[in-house]
$ cat final_3.txt   # compact mmCIF, C-alpha atoms
# COMPACT_ATOMS: atom_id res chain seq x y z
CA MET A 295 -6.06 -88.85 21.17
CA SER A 296 -8.04 -86.09 22.91
CA LEU A 297 -10.43 -84.07 20.81
CA VAL A 298 -11.32 -81.96 23.86
CA SER A 299 -8.74 -81.00 26.49
CA VAL A 300 -9.75 -78.92 29.53
CA ARG A 301 -7.30 -77.78 32.20
CA ASN A 302 -8.20 -75.75 35.30
CA LEU A 303 -11.14 -74.25 33.41
CA ARG A 304 -12.96 -71.42 35.15
CA LYS A 305 -15.94 -69.39 34.06
CA SER A 306 -17.36 -66.39 35.88
CA TYR A 307 -20.23 -64.07 35.09
CA GLY A 308 -20.56 -60.47 36.25
CA LEU A 309 -17.93 -57.96 37.30
CA GLY A 310 -15.79 -57.43 40.39
CA ALA A 311 -17.49 -58.09 43.71
CA ASN A 312 -20.65 -59.11 41.86
CA SER A 313 -18.89 -61.84 39.88
CA VAL A 314 -20.20 -65.41 40.25
CA GLU A 315 -17.90 -68.30 39.36
CA VAL A 316 -19.86 -71.13 37.72
CA LEU A 317 -16.95 -73.45 36.87
CA HIS A 318 -14.21 -73.86 39.47
CA GLY A 319 -11.14 -75.35 37.85
CA VAL A 320 -12.59 -78.17 35.73
CA ASP A 321 -10.21 -80.75 34.23
CA LEU A 322 -11.47 -83.01 31.46
CA ASP A 323 -10.34 -84.95 28.41
CA VAL A 324 -12.69 -86.30 25.74
CA ALA A 325 -11.06 -88.73 23.34
CA GLU A 326 -11.88 -88.86 19.65
CA GLY A 327 -14.84 -91.18 19.18
CA GLU A 328 -16.09 -90.96 22.77
CA PHE A 329 -19.74 -90.43 23.72
CA VAL A 330 -19.77 -88.46 26.99
CA ALA A 331 -22.88 -87.64 29.04
CA LEU A 332 -22.70 -84.58 31.30
CA MET A 333 -25.00 -84.88 34.31
CA GLY A 334 -25.53 -82.95 37.51
CA PRO A 335 -28.03 -80.81 39.42
CA SER A 336 -29.41 -77.57 38.03
CA GLY A 337 -26.84 -74.79 38.35
CA SER A 338 -23.90 -77.22 38.34
CA GLY A 339 -22.41 -75.70 35.19
CA LYS A 340 -23.32 -78.39 32.64
CA SER A 341 -24.63 -76.05 29.95
CA THR A 342 -21.85 -73.54 30.68
CA LEU A 343 -19.23 -76.22 30.07
CA LEU A 344 -21.02 -77.39 26.93
CA ASN A 345 -21.17 -73.84 25.55
CA LEU A 346 -17.45 -73.39 26.20
CA ILE A 347 -16.58 -76.66 24.46
CA ALA A 348 -18.74 -75.61 21.52
CA GLY A 349 -17.02 -72.25 21.20
CA LEU A 350 -20.21 -70.32 22.00
CA ASP A 351 -18.47 -68.66 24.94
CA LYS A 352 -14.93 -68.13 26.18
CA PRO A 353 -13.42 -69.26 29.50
CA SER A 354 -12.50 -66.75 32.19
CA ALA A 355 -9.32 -68.68 32.99
CA GLY A 356 -7.66 -71.98 32.28
CA GLU A 357 -6.94 -73.82 29.04
CA LEU A 358 -9.52 -75.19 26.62
CA THR A 359 -8.44 -76.90 23.42
CA VAL A 360 -10.99 -78.41 21.04
CA ALA A 361 -9.97 -79.96 17.71
CA ASP A 362 -6.51 -78.35 18.08
CA ALA A 363 -8.02 -74.87 18.55
CA ARG A 364 -7.46 -72.82 21.72
CA ILE A 365 -10.92 -71.43 22.33
CA GLY A 366 -9.83 -68.57 24.59
CA GLU A 367 -7.39 -67.17 22.05
CA MET A 368 -9.71 -66.80 19.04
CA SER A 369 -11.69 -63.74 18.03
CA ALA A 370 -15.46 -63.89 17.63
CA THR A 371 -15.08 -64.08 13.85
CA GLU A 372 -12.51 -66.86 14.07
CA LEU A 373 -14.72 -68.77 16.50
CA ALA A 374 -17.72 -68.52 14.17
CA ARG A 375 -15.73 -69.91 11.26
CA TRP A 376 -14.25 -72.63 13.45
CA ARG A 377 -17.68 -73.72 14.75
CA GLY A 378 -18.97 -74.07 11.22
CA ARG A 379 -16.24 -76.62 10.43
CA HIS A 380 -15.95 -78.51 13.70
CA ILE A 381 -19.20 -78.42 15.70
CA GLY A 382 -22.66 -79.84 15.11
CA PHE A 383 -25.39 -78.60 17.49
CA VAL A 384 -28.47 -80.45 18.76
CA PHE A 385 -30.74 -78.48 21.12
CA GLN A 386 -33.66 -79.50 23.34
CA LEU A 387 -36.16 -77.29 21.50
CA TYR A 388 -34.83 -78.06 17.98
CA HIS A 389 -34.35 -74.39 16.93
CA LEU A 390 -35.75 -75.03 13.45
CA MET A 391 -36.88 -72.11 11.32
CA PRO A 392 -40.68 -72.45 11.00
CA THR A 393 -40.93 -70.97 7.50
CA LEU A 394 -38.33 -73.34 6.01
CA THR A 395 -38.80 -76.93 4.91
CA ALA A 396 -36.87 -79.75 6.55
CA ALA A 397 -34.36 -79.74 3.70
CA GLN A 398 -33.92 -75.96 3.88
CA ASN A 399 -33.37 -76.11 7.65
CA VAL A 400 -30.70 -78.78 7.22
CA GLU A 401 -29.04 -76.70 4.51
CA VAL A 402 -28.56 -73.64 6.76
CA PRO A 403 -25.08 -74.60 8.13
CA LEU A 404 -23.86 -75.00 4.54
CA LEU A 405 -24.73 -71.46 3.45
CA LEU A 406 -21.28 -70.15 4.40
CA SER A 407 -19.44 -73.23 3.15
CA GLY A 408 -18.81 -72.01 -0.39
CA LEU A 409 -20.77 -74.92 -1.89
CA ASP A 410 -23.09 -74.17 -4.79
CA ALA A 411 -26.86 -74.49 -4.31
CA ALA A 412 -27.14 -77.88 -6.01
CA ARG A 413 -24.42 -79.41 -3.81
CA ARG A 414 -25.99 -77.93 -0.68
CA ARG A 415 -29.38 -79.40 -1.57
CA ARG A 416 -27.82 -82.78 -2.29
CA GLN A 417 -25.98 -82.90 1.05
CA ALA A 418 -29.12 -81.85 2.92
CA ARG A 419 -31.11 -84.63 1.25
CA ILE A 420 -28.45 -87.20 2.11
CA ALA A 421 -28.43 -86.09 5.75
CA LEU A 422 -32.22 -86.41 5.95
CA GLU A 423 -32.03 -89.88 4.39
CA VAL A 424 -29.50 -90.89 7.05
CA VAL A 425 -31.93 -89.94 9.85
CA GLY A 426 -34.84 -91.67 8.12
CA LEU A 427 -36.72 -88.60 6.92
CA SER A 428 -36.33 -88.72 3.15
CA HIS A 429 -40.17 -88.73 2.94
CA ARG A 430 -40.39 -85.48 4.92
CA ILE A 431 -37.93 -83.35 2.95
CA ASP A 432 -40.51 -80.75 1.90
CA HIS A 433 -42.41 -80.62 5.20
CA LYS A 434 -42.16 -77.60 7.48
CA PRO A 435 -41.59 -78.02 11.25
CA ALA A 436 -45.28 -77.56 12.12
CA GLN A 437 -46.06 -80.58 9.94
CA LEU A 438 -43.64 -82.81 11.86
CA SER A 439 -43.82 -84.53 15.24
CA GLY A 440 -41.41 -83.57 18.00
CA GLY A 441 -39.29 -86.64 17.34
CA GLN A 442 -39.19 -85.87 13.61
CA GLN A 443 -38.20 -82.27 14.30
CA GLN A 444 -35.33 -83.46 16.48
CA ARG A 445 -34.20 -85.82 13.71
CA VAL A 446 -34.19 -82.86 11.32
CA ALA A 447 -32.03 -81.04 13.89
CA ILE A 448 -29.65 -84.01 13.99
CA ALA A 449 -29.46 -84.01 10.19
CA ARG A 450 -28.59 -80.31 10.37
CA ALA A 451 -25.87 -81.11 12.92
CA ILE A 452 -24.22 -83.77 10.74
CA VAL A 453 -24.60 -82.14 7.32
CA THR A 454 -21.18 -80.44 7.50
CA ASP A 455 -19.51 -83.67 8.69
CA ALA A 456 -18.27 -81.91 11.84
CA PRO A 457 -16.20 -84.20 14.09
CA LEU A 458 -17.89 -83.10 17.35
CA LEU A 459 -21.61 -83.12 18.16
CA VAL A 460 -22.69 -81.12 21.22
CA CYS A 461 -26.17 -81.99 22.43
CA ASP A 462 -28.01 -79.95 25.07
CA GLU A 463 -30.85 -82.06 26.53
CA PRO A 464 -31.65 -83.57 23.08
CA THR A 465 -34.42 -85.78 24.50
CA GLY A 466 -35.76 -83.35 27.11
CA ASP A 467 -38.88 -82.41 25.11
CA LEU A 468 -39.68 -85.89 23.76
CA ASP A 469 -41.74 -88.88 24.88
CA ARG A 470 -39.84 -92.07 25.70
CA ALA A 471 -40.32 -93.70 22.30
CA SER A 472 -39.18 -90.62 20.37
CA ALA A 473 -36.30 -90.12 22.82
CA ASP A 474 -35.13 -93.67 22.21
CA GLU A 475 -35.19 -93.10 18.45
CA VAL A 476 -33.03 -90.00 18.83
CA LEU A 477 -30.61 -91.80 21.17
CA ASP A 478 -30.40 -94.72 18.73
CA LEU A 479 -29.37 -92.26 16.02
CA LEU A 480 -26.75 -90.58 18.19
CA GLY A 481 -25.37 -93.96 19.23
CA ALA A 482 -25.12 -95.05 15.60
CA PHE A 483 -23.26 -91.90 14.62
CA ASN A 484 -20.85 -92.52 17.49
CA ARG A 485 -20.26 -96.24 16.83
CA GLU A 486 -20.48 -96.41 13.06
CA HIS A 487 -19.21 -93.00 11.97
CA GLY A 488 -16.77 -92.19 14.77
CA LYS A 489 -18.51 -88.97 15.81
CA THR A 490 -17.44 -87.61 19.17
CA ILE A 491 -20.50 -86.61 21.22
CA VAL A 492 -20.78 -84.50 24.36
CA MET A 493 -24.36 -84.54 25.67
CA VAL A 494 -25.91 -82.67 28.60
CA THR A 495 -28.85 -84.59 30.05
CA HIS A 496 -30.93 -84.99 33.20
CA ASP A 497 -32.23 -88.34 31.95
CA PRO A 498 -30.44 -91.42 33.37
CA ALA A 499 -31.76 -93.52 30.47
CA ALA A 500 -30.13 -91.12 28.01
CA ALA A 501 -26.89 -90.99 30.00
CA ALA A 502 -26.76 -94.79 30.00
CA ARG A 503 -26.32 -94.70 26.21
CA ALA A 504 -23.00 -92.86 26.57
CA THR A 505 -19.64 -94.58 26.81
CA ARG A 506 -18.76 -92.36 29.78
CA GLN A 507 -20.69 -90.29 32.29
CA LEU A 508 -19.29 -87.11 33.79
CA HIS A 509 -21.00 -85.65 36.84
CA LEU A 510 -20.72 -81.92 37.55
CA ASP A 511 -21.41 -80.63 41.03
CA LYS A 512 -20.57 -77.21 42.41
CA GLY A 513 -18.63 -76.40 39.26
CA ARG A 514 -16.29 -79.39 39.44
CA ALA A 515 -16.20 -82.57 37.37
CA VAL A 516 -16.21 -86.17 38.64
CA ASP A 517 -16.01 -89.18 36.33
CA ALA A 518 -18.31 -92.11 36.95
CA PRO A 519 -18.71 -95.38 35.02
CA ALA A 520 -21.55 -95.59 32.54
CA THR A 521 -24.45 -97.73 33.71
CA HIS A 522 -24.41 -100.26 30.91

$ encode --input "final_3.txt" --output "structure tokens"
Amino acid sequence: MSLVSVRNLRKSYGLGANSVEVLHGVDLDVAEGEFVALMGPSGSGKSTLLNLIAGLDKPSAGELTVADARIGEMSATELARWRGRHIGFVFQLYHLMPTLTAAQNVEVPLLLSGLDAARRRRQARIALEVVGLSHRIDHKPAQLSGGQQQRVAIARAIVTDAPLLVCDEPTGDLDRASADEVLDLLGAFNREHGKTIVMVTHDPAAAARATRQLHLDKGRAVDAPATH
């Protein structure tokens, strides 16, 4: 069953004669439980496609359905609520709040969930235990290594139990050892917990961890077999 369904997807920026089309009729299906790597040269539309799948932007034309929601038909308020239930985000530069502890950062997506403070704290602690950081719960980002900060970001992404993780260059700012730790975690969430993952990466070693690689070039998508 497809969690993500894309048909003739187009995305343009600008107005009228100054409009630039970044995606030119992309077709794509991502099945529940798949781990897809999006690769391609700079300017190929990888991050644009990821942002559309995540509901951070709306398509200019075409159909985009994610977790039974038609992205182009929802209001900004509806999209925000939908993202909170269905999408977990992992970014290259972590996007952690420097004044908050690891646990408080992980708790942020739960603030609009309706859970009481004790339940939010408990879920944040569990998420940090899952990524191996139970001993860093009260540390702030500046007290953590880059790899540890990215693991906090992954804990934040999974704390709501969202079915889809979207990862934008999650290893791009890490050394090889830390990158492998992060990829091990993502692979475990995919295999053992059934999380669907769509990951943009320039790193062939990261892409090789996916169950499928999708190459974008000139705004179009071409499937290629994973390298493992």

$ atom_distance --input "final_3.txt" --atom1 "CA of Ala504 in chain A" --atom2 "CA of Asp478 in chain A"
10.9 Å

$ atom_distance --input "final_3.txt" --atom1 "CA of Pro435 in chain A" --atom2 "CA of Gly349 in chain A"
27.1 Å

$ closest_residue --input "final_3.txt" --among "A:Gly339, A:Gly488, A:Pro498, A:Gly378" --to "Leu297 in chain A" --atoms "all atoms listed in the file"
A:Gly488

$ axis_aligned_box --input "final_3.txt" --around "range 344-351 of chain A" --padding-each-side "4 Å" --output "JSON"
{"center_x": -18.9, "center_y": -73.0, "center_z": 24.1, "size_x": 12.6, "size_y": 16.7, "size_z": 13.7}

$ closest_residue --input "final_3.txt" --among "A:Val316, A:Ile452, A:Ala436, A:Leu344" --to "Leu479 in chain A" --atoms "all atoms listed in the file"
A:Ile452

$ closest_residue --input "final_3.txt" --among "A:Gln398, A:Ser336, A:Ser428, A:Thr342" --to "Leu317 in chain A" --atoms "only C-alpha atoms"
A:Thr342

$ residues_around --input "final_3.txt" --residues "Asp474 in chain A" --least-positions-apart "2" --cutoff "10 Å" --atoms "all atoms listed in the file" --output "PyMOL selection string"
chain A and resi 441+465+468-472+476-480+499-500+503

$ closest_residue --input "final_3.txt" --among "A:Leu332, A:Val300, A:Ala348, A:Ile448" --to "Glu401 in chain A" --atoms "only C-alpha atoms"
A:Ile448

$ build_atoms --input "final_3.txt" --residues "range 464-478 of chain A" --atoms "N, CA, C and O atoms" --output "short mmCIF file (atom, residue, chain, number, x, y, z; two decimals), in the coordinates of the input"
data_model
loop_
_atom_site.label_atom_id
_atom_site.label_comp_id
_atom_site.auth_asym_id
_atom_site.auth_seq_id
_atom_site.Cartn_x
_atom_site.Cartn_y
_atom_site.Cartn_z
N PRO A 464 -31.01 -83.27 24.38
CA PRO A 464 -31.65 -83.57 23.08
C PRO A 464 -32.94 -84.35 23.19
O PRO A 464 -33.72 -84.37 22.24
N THR A 465 -33.19 -85.02 24.34
CA THR A 465 -34.42 -85.78 24.50
C THR A 465 -35.37 -85.14 25.52
O THR A 465 -36.40 -85.71 25.86
N GLY A 466 -35.02 -83.97 26.01
CA GLY A 466 -35.76 -83.35 27.11
C GLY A 466 -37.19 -82.99 26.78
O GLY A 466 -38.02 -82.86 27.68
N ASP A 467 -37.53 -82.83 25.50
CA ASP A 467 -38.88 -82.41 25.11
C ASP A 467 -39.64 -83.53 24.41
O ASP A 467 -40.66 -83.28 23.78
N LEU A 468 -39.12 -84.78 24.52
CA LEU A 468 -39.68 -85.89 23.76
C LEU A 468 -40.28 -86.96 24.68
O LEU A 468 -39.84 -87.13 25.82
N ASP A 469 -41.26 -87.71 24.16
CA ASP A 469 -41.74 -88.88 24.88
C ASP A 469 -40.69 -89.98 24.80
O ASP A 469 -39.72 -89.88 24.05
N ARG A 470 -40.87 -91.04 25.59
CA ARG A 470 -39.84 -92.07 25.70
C ARG A 470 -39.52 -92.74 24.36
O ARG A 470 -38.35 -92.97 24.03
N ALA A 471 -40.56 -93.03 23.57
CA ALA A 471 -40.32 -93.70 22.30
C ALA A 471 -39.52 -92.81 21.35
O ALA A 471 -38.56 -93.26 20.70
N SER A 472 -39.90 -91.54 21.25
CA SER A 472 -39.18 -90.62 20.37
C SER A 472 -37.76 -90.38 20.89
O SER A 472 -36.82 -90.28 20.11
N ALA A 473 -37.63 -90.30 22.23
CA ALA A 473 -36.30 -90.12 22.82
C ALA A 473 -35.40 -91.29 22.48
O ALA A 473 -34.22 -91.10 22.13
N ASP A 474 -35.94 -92.50 22.54
CA ASP A 474 -35.13 -93.67 22.21
C ASP A 474 -34.69 -93.67 20.75
O ASP A 474 -33.57 -94.07 20.42
N GLU A 475 -35.56 -93.20 19.86
CA GLU A 475 -35.19 -93.10 18.45
C GLU A 475 -34.03 -92.13 18.25
O GLU A 475 -33.08 -92.40 17.49
N VAL A 476 -34.10 -90.99 18.93
CA VAL A 476 -33.03 -90.00 18.83
C VAL A 476 -31.73 -90.55 19.41
O VAL A 476 -30.65 -90.40 18.82
N LEU A 477 -31.81 -91.23 20.55
CA LEU A 477 -30.61 -91.80 21.17
C LEU A 477 -30.03 -92.93 20.32
O LEU A 477 -28.80 -93.09 20.26
N ASP A 478 -30.89 -93.69 19.66
CA ASP A 478 -30.40 -94.72 18.73
C ASP A 478 -29.59 -94.08 17.62
O ASP A 478 -28.53 -94.59 17.23
#
